[in-house]
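What follows is a single structure, written as structure tokens, with notes after it.
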Amino acid sequence: MTFDDPIDRRGTNSSKWDKMEAYSGVSPEDGIAMWVADMDFPAAPVLQEAVQGLLEKANYGYFASDAKAIEAAAWWMKERHGWSVDPDWMTSTLGLGHAIALLLETFTDKGDEVIIFTPVYHEFTNKIRSAERVVHESPLVIEGGIYHMDLDALEAGLTGREKAVIISSPHNPAGRVWTPEELQQLAALCERHDLMMISDEIHHDLAFPGHRFTPFLTAAPDAAQRTIVLTAASKTFNIAGARQAAVTIPDAEKRMAFRHALHVHQTQPNLLGVELTAAAYSPRGAQWVDELVAYIHGNAQLFNDGVAQIPGAVPMPMQSTYLAWVDFANTGLAMEDVLARVHDDARLAPSVGGFGTGGESFLRFNLGTQRARVEEAVSRLQDAFSDLQ
Ligand SMILES: Cc1ncc(COP(=O)(O)O)c(C=O)c1O
């Protein structure tokens, strides 16, 4: 199978397709799901073989350990990202959202402030608020068409109640790949104000040619004792349903505290997540990812070039991920009108809202799908805004 082969996920209990009508009002009958961040591609053959291996064992009882997933993850970080990480620092969780919730619970108190750079992945805000902590937004600024952290403004506005920073690296929703210098400056700020640094690196494998992802701890190794890094094969290999992530905590005391919190809740990894992650983080997995990145890069170029032809629509140049971030502010239309055109006329369901300050006039379009569908989405968008000059 190739990435171009059509695949119909409707009626398969897919969140993206089967919940899209409830989310956006756009029916999957004629609509295109472009919201939830997963991909419409068939699984890599190496994953299918891992599932086949499980089937052949024909037993799904308690299993001995998650070591093979953790060791494969440590191998991958070194091999793909030049990050030497001790597998003993890594702990499995049931995804990154789970990890963030538990980190907040373990290392911060009610009322503490947690810094995030907005617009950003909506679950950061949700998790902070659900834990009754306070969101401290540091709005990103657009310079040269792309996002930058404004660390001077952040520092000037600190209240002294901040306990932690959560960064999305690379950045969801805009695909920005932070440079080593930017990460070092952030690490220095954390040091000056004694903040815990939580680096969510779930999108790390999807940097486009010309951009290199930098793991936080290779940019700022001296920050290791205050840093926690979150990774997973879930975005890269489209296995989010298997709920497996790795939380890297170099500081022994913090690591013990975190493992204790997991133990209190009797939270253990699951068999499928361990098997799929171990299979994904392999030389064959790496080859599949290289092909995937080339494909989604092609989708990104096609989509952004097409959308840029709509007067006033400004797609942010993408450095990574399959998530396109388009600003409709300069169309001169109210967001309600933009949405009516996107939903009702173009029959597209992108992600709308929830990204925090700075994201109000943007929509996020998921391009992790067949090229033909991306072409169709561009053509429908151009038609829906064809009256603009
Ligand atoms: C930055 C970021 N972190 C975490 C997640 C979700 O992770 P999980 O499904 O493991 O909770 C996403 C999903 O889109 C994401 O974009």
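Letters A, B, ... mark the chains of the structure tokens in the order given; residue numbers begin at 1 per chain; ligand numbers begin at 1, in order shown.
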Per residue of chain A within 9 Å of ligand 1, which atom pair is closest and at what distance in Å (one decimal), using only C-alpha atoms and all ligand atoms, listed by chain and increasing number, as a Markdown table?
| residue | atom | partner | partner_atom_place_in_ligand_line | distance |
| --- | --- | --- | --- | --- |
| A:Val36 | CA | ligand 1 | 14 (O) | 7.0 |
| A:Ala37 | CA | ligand 1 | 14 (O) | 4.9 |
| A:Asp38 | CA | ligand 1 | 14 (O) | 7.5 |
| A:Thr93 | CA | ligand 1 | 10 (O) | 8.5 |
| A:Leu94 | CA | ligand 1 | 10 (O) | 6.8 |
| A:Gly95 | CA | ligand 1 | 10 (O) | 3.2 |
| A:Leu96 | CA | ligand 1 | 10 (O) | 3.7 |
| A:Gly97 | CA | ligand 1 | 11 (O) | 3.6 |
| A:His98 | CA | ligand 1 | 11 (O) | 6.0 |
| A:Ala99 | CA | ligand 1 | 11 (O) | 7.8 |
| A:Ile100 | CA | ligand 1 | 11 (O) | 8.4 |
| A:Val120 | CA | ligand 1 | 1 (C) | 7.7 |
| A:Tyr121 | CA | ligand 1 | 1 (C) | 5.5 |
| A:His122 | CA | ligand 1 | 16 (O) | 8.5 |
| A:Glu123 | CA | ligand 1 | 4 (C) | 7.4 |
| A:Phe124 | CA | ligand 1 | 3 (N) | 7.9 |
| A:Ile167 | CA | ligand 1 | 1 (C) | 8.1 |
| A:Ser168 | CA | ligand 1 | 1 (C) | 5.0 |
| A:Ser169 | CA | ligand 1 | 1 (C) | 7.3 |
| A:Pro170 | CA | ligand 1 | 1 (C) | 7.8 |
| A:His171 | CA | ligand 1 | 1 (C) | 6.7 |
| A:Asn172 | CA | ligand 1 | 1 (C) | 5.3 |
| A:Pro173 | CA | ligand 1 | 16 (O) | 7.4 |
| A:Asp200 | CA | ligand 1 | 3 (N) | 5.9 |
| A:Glu201 | CA | ligand 1 | 1 (C) | 7.0 |
| A:Ile202 | CA | ligand 1 | 3 (N) | 5.7 |
| A:His203 | CA | ligand 1 | 1 (C) | 6.8 |
| A:Leu230 | CA | ligand 1 | 3 (N) | 8.4 |
| A:Thr231 | CA | ligand 1 | 10 (O) | 8.5 |
| A:Ala232 | CA | ligand 1 | 10 (O) | 7.0 |
| A:Ser234 | CA | ligand 1 | 10 (O) | 6.7 |
| A:Lys235 | CA | ligand 1 | 13 (C) | 7.3 |
| A:Ala240 | CA | ligand 1 | 9 (O) | 5.4 |
| A:Gly241 | CA | ligand 1 | 9 (O) | 7.7 |
| A:Arg243 | CA | ligand 1 | 10 (O) | 6.2 |
| A:Gln244 | CA | ligand 1 | 10 (O) | 6.9 |
| A:Ala245 | CA | ligand 1 | 10 (O) | 6.3 |
Residue selection dump (N, CA, C and O atoms) as a compact mmCIF listing (two decimals), in the first residue's frame:
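Final output, saved to out-v5.txt:
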# COMPACT_ATOMS: atom_id res chain seq x y z
N VAL A 36 -9.05 16.22 14.49
CA VAL A 36 -8.22 15.38 15.38
C VAL A 36 -6.86 15.03 14.73
O VAL A 36 -6.82 14.61 13.56
N ALA A 37 -5.78 15.17 15.52
CA ALA A 37 -4.44 14.98 14.96
C ALA A 37 -4.06 13.51 14.87
O ALA A 37 -3.22 13.02 15.62
N ASP A 38 -4.72 12.79 13.96
CA ASP A 38 -4.19 11.49 13.55
C ASP A 38 -4.26 11.40 12.04
O ASP A 38 -4.74 12.31 11.37
N THR A 93 3.79 5.83 30.22
CA THR A 93 2.46 6.30 30.65
C THR A 93 1.46 5.99 29.54
O THR A 93 1.86 5.60 28.44
N LEU A 94 0.21 6.22 29.84
CA LEU A 94 -0.85 5.95 28.85
C LEU A 94 -1.07 7.19 27.99
O LEU A 94 -2.15 7.77 27.96
N GLY A 95 -0.01 7.64 27.37
CA GLY A 95 -0.11 8.82 26.53
C GLY A 95 0.47 10.05 27.21
O GLY A 95 0.83 10.03 28.40
N LEU A 96 0.54 11.14 26.42
CA LEU A 96 1.14 12.36 26.96
C LEU A 96 0.17 13.15 27.82
O LEU A 96 0.56 13.78 28.81
N GLY A 97 -1.10 13.13 27.42
CA GLY A 97 -2.10 13.85 28.23
C GLY A 97 -2.11 13.29 29.64
O GLY A 97 -2.14 14.03 30.63
N HIS A 98 -2.07 11.99 29.73
CA HIS A 98 -2.02 11.30 31.02
C HIS A 98 -0.78 11.75 31.80
O HIS A 98 -0.85 12.08 32.99
N ALA A 99 0.35 11.79 31.10
CA ALA A 99 1.61 12.18 31.75
C ALA A 99 1.52 13.61 32.29
O ALA A 99 1.91 13.89 33.43
N ILE A 100 0.98 14.51 31.47
CA ILE A 100 0.92 15.92 31.88
C ILE A 100 0.03 16.07 33.11
O ILE A 100 0.39 16.75 34.09
N VAL A 120 -1.50 27.24 21.39
CA VAL A 120 -0.86 25.94 21.58
C VAL A 120 -1.92 24.86 21.77
O VAL A 120 -3.09 25.16 22.09
N TYR A 121 -1.50 23.62 21.59
CA TYR A 121 -2.32 22.42 21.77
C TYR A 121 -3.28 22.61 22.95
O TYR A 121 -2.84 22.82 24.08
N HIS A 122 -4.58 22.51 22.65
CA HIS A 122 -5.60 22.91 23.62
C HIS A 122 -5.56 22.11 24.93
O HIS A 122 -5.97 22.62 25.97
N GLU A 123 -5.04 20.88 24.88
CA GLU A 123 -5.08 20.06 26.10
C GLU A 123 -4.16 20.59 27.20
O GLU A 123 -4.33 20.25 28.36
N PHE A 124 -3.17 21.39 26.83
CA PHE A 124 -2.32 21.97 27.89
C PHE A 124 -3.21 22.79 28.85
O PHE A 124 -3.18 22.62 30.06
N ILE A 167 6.09 23.22 27.05
CA ILE A 167 6.31 23.66 25.67
C ILE A 167 5.98 22.51 24.73
O ILE A 167 6.22 21.34 25.06
N SER A 168 5.43 22.85 23.58
CA SER A 168 5.22 21.87 22.52
C SER A 168 6.35 22.04 21.52
O SER A 168 6.48 23.10 20.90
N SER A 169 7.19 21.02 21.38
CA SER A 169 8.41 21.13 20.58
C SER A 169 8.62 19.87 19.76
O SER A 169 8.92 18.83 20.34
N PRO A 170 8.44 19.95 18.42
CA PRO A 170 7.94 21.07 17.64
C PRO A 170 6.53 21.47 18.07
O PRO A 170 5.87 20.77 18.80
N HIS A 171 6.16 22.62 17.55
CA HIS A 171 4.99 23.31 18.06
C HIS A 171 3.70 22.90 17.34
O HIS A 171 3.60 22.99 16.12
N ASN A 172 2.73 22.47 18.13
CA ASN A 172 1.37 22.29 17.65
C ASN A 172 0.61 23.50 18.16
O ASN A 172 0.62 23.72 19.38
N PRO A 173 -0.02 24.31 17.33
CA PRO A 173 -0.53 24.04 15.99
C PRO A 173 0.31 24.51 14.81
O PRO A 173 -0.12 24.26 13.68
N ASP A 200 7.18 18.74 25.71
CA ASP A 200 6.33 17.77 25.00
C ASP A 200 6.85 17.65 23.57
O ASP A 200 6.68 18.55 22.76
N GLU A 201 7.52 16.53 23.31
CA GLU A 201 8.21 16.36 22.02
C GLU A 201 7.51 15.32 21.14
O GLU A 201 8.14 14.66 20.32
N ILE A 202 6.22 15.22 21.28
CA ILE A 202 5.47 14.18 20.57
C ILE A 202 5.60 14.30 19.05
O ILE A 202 5.56 13.31 18.33
N HIS A 203 5.79 15.53 18.54
CA HIS A 203 5.86 15.71 17.08
C HIS A 203 7.29 15.69 16.53
O HIS A 203 7.54 16.12 15.41
N LEU A 230 8.65 14.49 27.30
CA LEU A 230 7.57 13.57 26.94
C LEU A 230 7.69 13.19 25.46
O LEU A 230 7.77 14.08 24.61
N THR A 231 7.74 11.90 25.21
CA THR A 231 7.83 11.45 23.83
C THR A 231 6.87 10.27 23.62
O THR A 231 6.41 9.66 24.58
N ALA A 232 6.62 9.96 22.35
CA ALA A 232 5.78 8.80 22.03
C ALA A 232 5.95 8.51 20.54
O ALA A 232 6.31 9.40 19.77
N SER A 234 3.36 7.75 18.98
CA SER A 234 1.95 7.78 18.60
C SER A 234 1.63 8.70 17.42
O SER A 234 0.83 8.33 16.56
N LYS A 235 2.21 9.91 17.37
CA LYS A 235 1.93 10.78 16.22
C LYS A 235 2.66 10.27 15.00
O LYS A 235 2.10 10.19 13.91
N ALA A 240 -1.90 6.35 18.21
CA ALA A 240 -2.38 7.02 19.44
C ALA A 240 -3.38 6.15 20.18
O ALA A 240 -3.49 6.23 21.41
N GLY A 241 -4.11 5.30 19.46
CA GLY A 241 -5.09 4.44 20.11
C GLY A 241 -4.45 3.41 21.04
O GLY A 241 -5.13 2.84 21.89
N ARG A 243 -2.14 4.09 23.21
CA ARG A 243 -1.92 4.77 24.48
C ARG A 243 -0.59 4.42 25.16
O ARG A 243 -0.56 3.92 26.29
N GLN A 244 0.52 4.69 24.49
CA GLN A 244 1.82 4.43 25.11
C GLN A 244 2.71 5.64 24.89
O GLN A 244 2.85 6.13 23.76
N ALA A 245 3.32 6.13 25.97
CA ALA A 245 4.27 7.24 25.86
C ALA A 245 5.41 6.99 26.82
O ALA A 245 5.34 6.09 27.67
Residues within 12 Å of Leu102 in chain A, please, as a short mmCIF file (atom, residue, chain, number, x, y, z; two decimals) with N, CA and C atoms, in the first residue's frame. Count only C-alpha atoms; anything in the same chain fewer than 2 positions from it doesn't count.
data_model
loop_
_atom_site.label_atom_id
_atom_site.label_comp_id
_atom_site.auth_asym_id
_atom_site.auth_seq_id
_atom_site.Cartn_x
_atom_site.Cartn_y
_atom_site.Cartn_z
N THR A 93 3.79 5.83 30.22
CA THR A 93 2.46 6.30 30.65
C THR A 93 1.46 5.99 29.54
N LEU A 94 0.21 6.22 29.84
CA LEU A 94 -0.85 5.95 28.85
C LEU A 94 -1.07 7.19 27.99
N GLY A 95 -0.01 7.64 27.37
CA GLY A 95 -0.11 8.82 26.53
C GLY A 95 0.47 10.05 27.21
N LEU A 96 0.54 11.14 26.42
CA LEU A 96 1.14 12.36 26.96
C LEU A 96 0.17 13.15 27.82
N GLY A 97 -1.10 13.13 27.42
CA GLY A 97 -2.10 13.85 28.23
C GLY A 97 -2.11 13.29 29.64
N HIS A 98 -2.07 11.99 29.73
CA HIS A 98 -2.02 11.30 31.02
C HIS A 98 -0.78 11.75 31.80
N ALA A 99 0.35 11.79 31.10
CA ALA A 99 1.61 12.18 31.75
C ALA A 99 1.52 13.61 32.29
N ILE A 100 0.98 14.51 31.47
CA ILE A 100 0.92 15.92 31.88
C ILE A 100 0.03 16.07 33.11
N LEU A 104 1.46 17.39 36.72
CA LEU A 104 0.92 18.57 37.41
C LEU A 104 0.50 18.20 38.82
N GLU A 105 -0.16 17.05 38.92
CA GLU A 105 -0.65 16.60 40.22
C GLU A 105 0.52 16.34 41.18
N THR A 106 1.60 15.77 40.65
CA THR A 106 2.72 15.35 41.50
C THR A 106 3.63 16.51 41.89
N PHE A 107 3.86 17.44 40.94
CA PHE A 107 4.91 18.43 41.18
C PHE A 107 4.42 19.87 41.36
N THR A 108 3.11 20.08 41.27
CA THR A 108 2.62 21.44 41.51
C THR A 108 1.44 21.36 42.47
N ASP A 109 1.05 22.52 42.97
CA ASP A 109 -0.08 22.57 43.91
C ASP A 109 -1.21 23.40 43.32
N LYS A 127 -5.70 20.54 30.79
CA LYS A 127 -5.11 19.77 31.89
C LYS A 127 -4.77 20.69 33.07
N ILE A 128 -4.25 21.87 32.78
CA ILE A 128 -3.87 22.79 33.86
C ILE A 128 -5.12 23.20 34.64
N SER A 130 -8.10 21.64 34.69
CA SER A 130 -8.76 20.52 35.39
C SER A 130 -8.05 20.23 36.71
N ALA A 131 -6.75 20.49 36.75
CA ALA A 131 -6.00 20.22 37.98
C ALA A 131 -6.11 21.39 38.96
N VAL A 247 7.97 8.99 29.56
CA VAL A 247 8.26 10.20 30.32
C VAL A 247 9.71 10.09 30.81
N ALA A 257 9.19 9.93 42.58
CA ALA A 257 7.89 10.52 42.96
C ALA A 257 6.86 10.26 41.87
N PHE A 258 7.29 10.39 40.63
CA PHE A 258 6.37 10.17 39.51
C PHE A 258 5.94 8.71 39.44
N ARG A 259 6.90 7.81 39.59
CA ARG A 259 6.56 6.37 39.54
C ARG A 259 5.64 5.99 40.69
N HIS A 260 5.86 6.63 41.82
CA HIS A 260 4.98 6.37 42.96
C HIS A 260 3.54 6.79 42.61
N ALA A 261 3.42 7.95 41.97
CA ALA A 261 2.08 8.44 41.61
C ALA A 261 1.40 7.47 40.65
N LEU A 262 2.15 6.93 39.71
CA LEU A 262 1.59 5.93 38.78
C LEU A 262 1.13 4.69 39.55
N HIS A 263 1.98 4.30 40.49
CA HIS A 263 1.71 3.10 41.27
C HIS A 263 0.44 3.28 42.12
N VAL A 264 0.29 4.46 42.70
CA VAL A 264 -0.89 4.74 43.52
C VAL A 264 -2.15 4.50 42.71
N HIS A 265 -2.10 4.90 41.45
CA HIS A 265 -3.28 4.74 40.59
C HIS A 265 -3.30 3.39 39.86
N THR A 267 -1.46 2.32 37.55
CA THR A 267 -1.42 2.58 36.12
C THR A 267 -0.24 1.86 35.49
#
Notebook entry, point to check: Using only C-alpha atoms, which residues sit within 7 Å of Ser361 in chain A once same-chain residues fewer than 6 positions away are excluded, as a count of residues only?
Noted result: 4
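Comparing A:Ala174, A:Pro6, A:Pro269, A:Gly145 by their smallest distance to Ala64 in chain A, the closest is A:Pro269 (using only C-alpha atoms).
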Item checked: Members of range 88-237 of chain A assigned strand (DSSP E or B) by DSSP, as an MDAnalysis selection string -> chainID A and resid 90:93 113:118 134:139 141:143 146:148 162:168 196:200 207 227:231
Next item on the list: Tell me, as a VMD selection string, which residues lie within 10 Å of Glu191 in chain A, counting only C-alpha atoms; anything in the same chain fewer than 6 positions away does not count.
Entry: chain A and resid 185 197 222 to 223 226
Would you output that residue set with C-alpha atoms, as a PDB file, in the first residue's frame?
ATOM      1  CA  GLN A 185      17.212  30.807  26.311  1.00  0.00           C
ATOM      2  CA  MET A 197      10.508  22.459  32.362  1.00  0.00           C
ATOM      3  CA  ASP A 222      22.613  21.492  32.213  1.00  0.00           C
ATOM      4  CA  ALA A 223      18.862  21.839  32.729  1.00  0.00           C
ATOM      5  CA  ARG A 226      14.608  20.429  36.277  1.00  0.00           C
TER       6      ARG A 226
END
Next item on the list: Name all residues at most 10 Å from Ser65 in chain A (count only C-alpha atoms; drop same-chain ones fewer than 5 positions away) and give them as JSON, numbers by chain.
Entry: {"A": [70, 268, 269, 270, 271, 274]}
Keeping C-alpha atoms for every residue in the selection just given, could you write it to a file as a PDB file, in the first residue's frame?
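Written out: result-v1.pdb:
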ATOM      1  CA  ILE A  70      11.568   1.725  26.519  1.00  0.00           C
ATOM      2  CA  GLN A 268       0.534   0.189  33.951  1.00  0.00           C
ATOM      3  CA  PRO A 269       1.266   0.171  30.246  1.00  0.00           C
ATOM      4  CA  ASN A 270      -0.776  -2.047  27.960  1.00  0.00           C
ATOM      5  CA  LEU A 271       0.387  -4.929  25.844  1.00  0.00           C
ATOM      6  CA  VAL A 274       4.358  -1.854  24.244  1.00  0.00           C
TER       7      VAL A 274
END
Item checked: Selection near Leu158 in chain A, 10 Å with only C-alpha atoms, sequence-local residues under 5 positions removed, as a PyMOL selection string -> chain A and resi 113+115+136+138+153+193
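If only C-alpha atoms are the atoms counted, then among A:Met90, A:Val141, A:Ala286, A:Ala219 the closest residue to Pro250 in chain A is A:Met90.
Closest to Thr12 in chain A among A:Leu54, A:Leu302, A:Asp40, A:Thr118 is A:Asp40, based on only C-alpha atoms.
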Checklist line | Proximity to Ala72 in chain A - best of A:Tyr281, A:Phe355, A:Tyr23, A:Phe362, only C-alpha atoms | finding: A:Tyr281
